[in-house]
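One structure below.
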Amino acid sequence: MGKNKRQKHLSHGKKSTPQKYTPLTRPSGVSKPSSKSSTKPSKHQTQHRKPTLPFSPHEQVLLIGEGDLSFSSSLMVHHKCQHVTATIYESSHELLSKYPHVEENIKAIEDRGGAVRYGVDAMKMRPFTTGKEREGAMDRIFFNFPHVGGKTKDINRQVRYNQELLVSFFKNAVPSLSPKEGSSIVVTLFEGEPYTLWNIRDLARHSGLEVKRSWRFQASAYPGYRHVRTLGIVKGGGGWKGEERAARSYEFVRKGEGVVVGSGKGKREESSEEEDEGDESLHGDYVEEQGDESLDDEDTEDHETEDDDDEDEGD
């Protein structure tokens, strides 16, 4: 038998062993390439995101249900807004008894040409109009943290009362909007329940409005602003600070004005910080008929309970 044939014969008779697999290793100093670039900002980036300011200094600004007027004051003092009308539910006497420091904010507003109006109920207010045609006068209308106060301990009734407040507000606010395209209504709410149960998108839709965008509300963008309770300053009330709670602002425009016109399917402007684009359905306890009772974010007293810690919110 020749040498080659002998080797071939031996190889057939010898049990072959599988070759050991050695995984490839990356040389030190070489980073792993990213298969998918992430566009989601980190927590650190989110904290330092430039705040959204939905107004310009020259625009006509209306504020509904102001608390101690610190937000209105900040608009004029720090953001140099020139045309601000701030409305209060209470009389001037009631306001001063609730917030003894409010005189400083009133002076800051009026000294810069702004106006403060008392006794304005969001559910009954008349339109703010101008000219012979009585067109809406306001470019921006703000309602920060609307809430009926401690009306009831029952969560379903609480939701219903606040929905009624917002429906009436939207209905009354629309005629005050300037006919200029893009004039808007901005409502700010705390995040989470029970506020998500209000379904604010659908409530606005009943008045011919749609969401243009929403963003995380940053109280720090308004120097001097502080969130106050509807009840007023409570002596020994502790260190509760509403401005430290997570909140979101929703900007509403007339239907059709929130769509970006261009090639392809229209879409709304991008909203900052993980905006939920899904539609909400109406809460089961909501009905359109309004009762005889007038509710406003400033017109009820506080009844604090452990079961409902959100019953008393103000601006």
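Please note that chains go A, B, ... in the order of the structure tokens, that every chain numbers its residues from 1, and that ligands are numbered from 1 in the order shown.
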Can you list, as number ranges by chain, every residue of region 30-186 of chain A that DSSP puts in helix (DSSP H, G or I)?
A: 43-47, 70-77, 92-98, 102-111, 155-176
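Neighbouring residues of Lys212 (chain A) at 6 Å or closer, counting only C-alpha atoms and skipping chain neighbours under 2 positions away, are A:Glu251, A:Phe252, A:Gly258.
All residues of region 26-200 of chain A that DSSP, run on the backbone, classes as strand (DSSP E) are Gln60, Val61, Leu62, Leu63, Ile64, His83, Val84, Thr85, Ala86, Thr87, Ala115, Val116, Arg117, Thr129, Thr130, Glu135, Gly136, Arg140, Ile141, Phe142, Phe143, Asn144, Ser184, Ile185, Val186, Val187, Thr188, Leu189 and Phe190 of chain A.
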Just want the 6 Å neighbourhood of region 121-125 of chain A, counted on only C-alpha atoms, with same-chain residues fewer than 6 positions away dropped. Output as a PyMOL selection string.
chain A and resi 89+168-169
May I have the residues within 9 Å of Phe190 (chain A) as a PyMOL selection string, using only C-alpha atoms and disregarding those fewer than 3 positions away in the same chain?
chain A and resi 145+193-196+242+245-249
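Going from CA of Arg254 (chain A) over to CA of Gly208 (chain A), you cover 6.0 Å.
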One-decimal distance in Å that lies between CA of Gly149 (chain A) and CA of Thr87 (chain A)
17.8 Å
With distances taken over only C-alpha atoms, which residue among A:Leu203, A:Ser220, A:Arg117, A:Ser183 lies nearest Ser56 (chain A)?
A:Ser183
Which residues, written as a PyMOL selection string, have at least one atom at most 10 Å from Arg134 (chain A), with only C-alpha atoms counted and residues fewer than 4 positions away on the same chain left out?
chain A and resi 127-130+175-176
CA of Gly114 (chain A) sits from CA of Val61 (chain A) at a separation of 9.8 Å
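Ranking A:Ile200, A:Cys81, A:Ala137, A:Val186 by their shortest atom-to-atom distance to Leu166 (chain A), with only C-alpha atoms included, puts A:Ile200 first.
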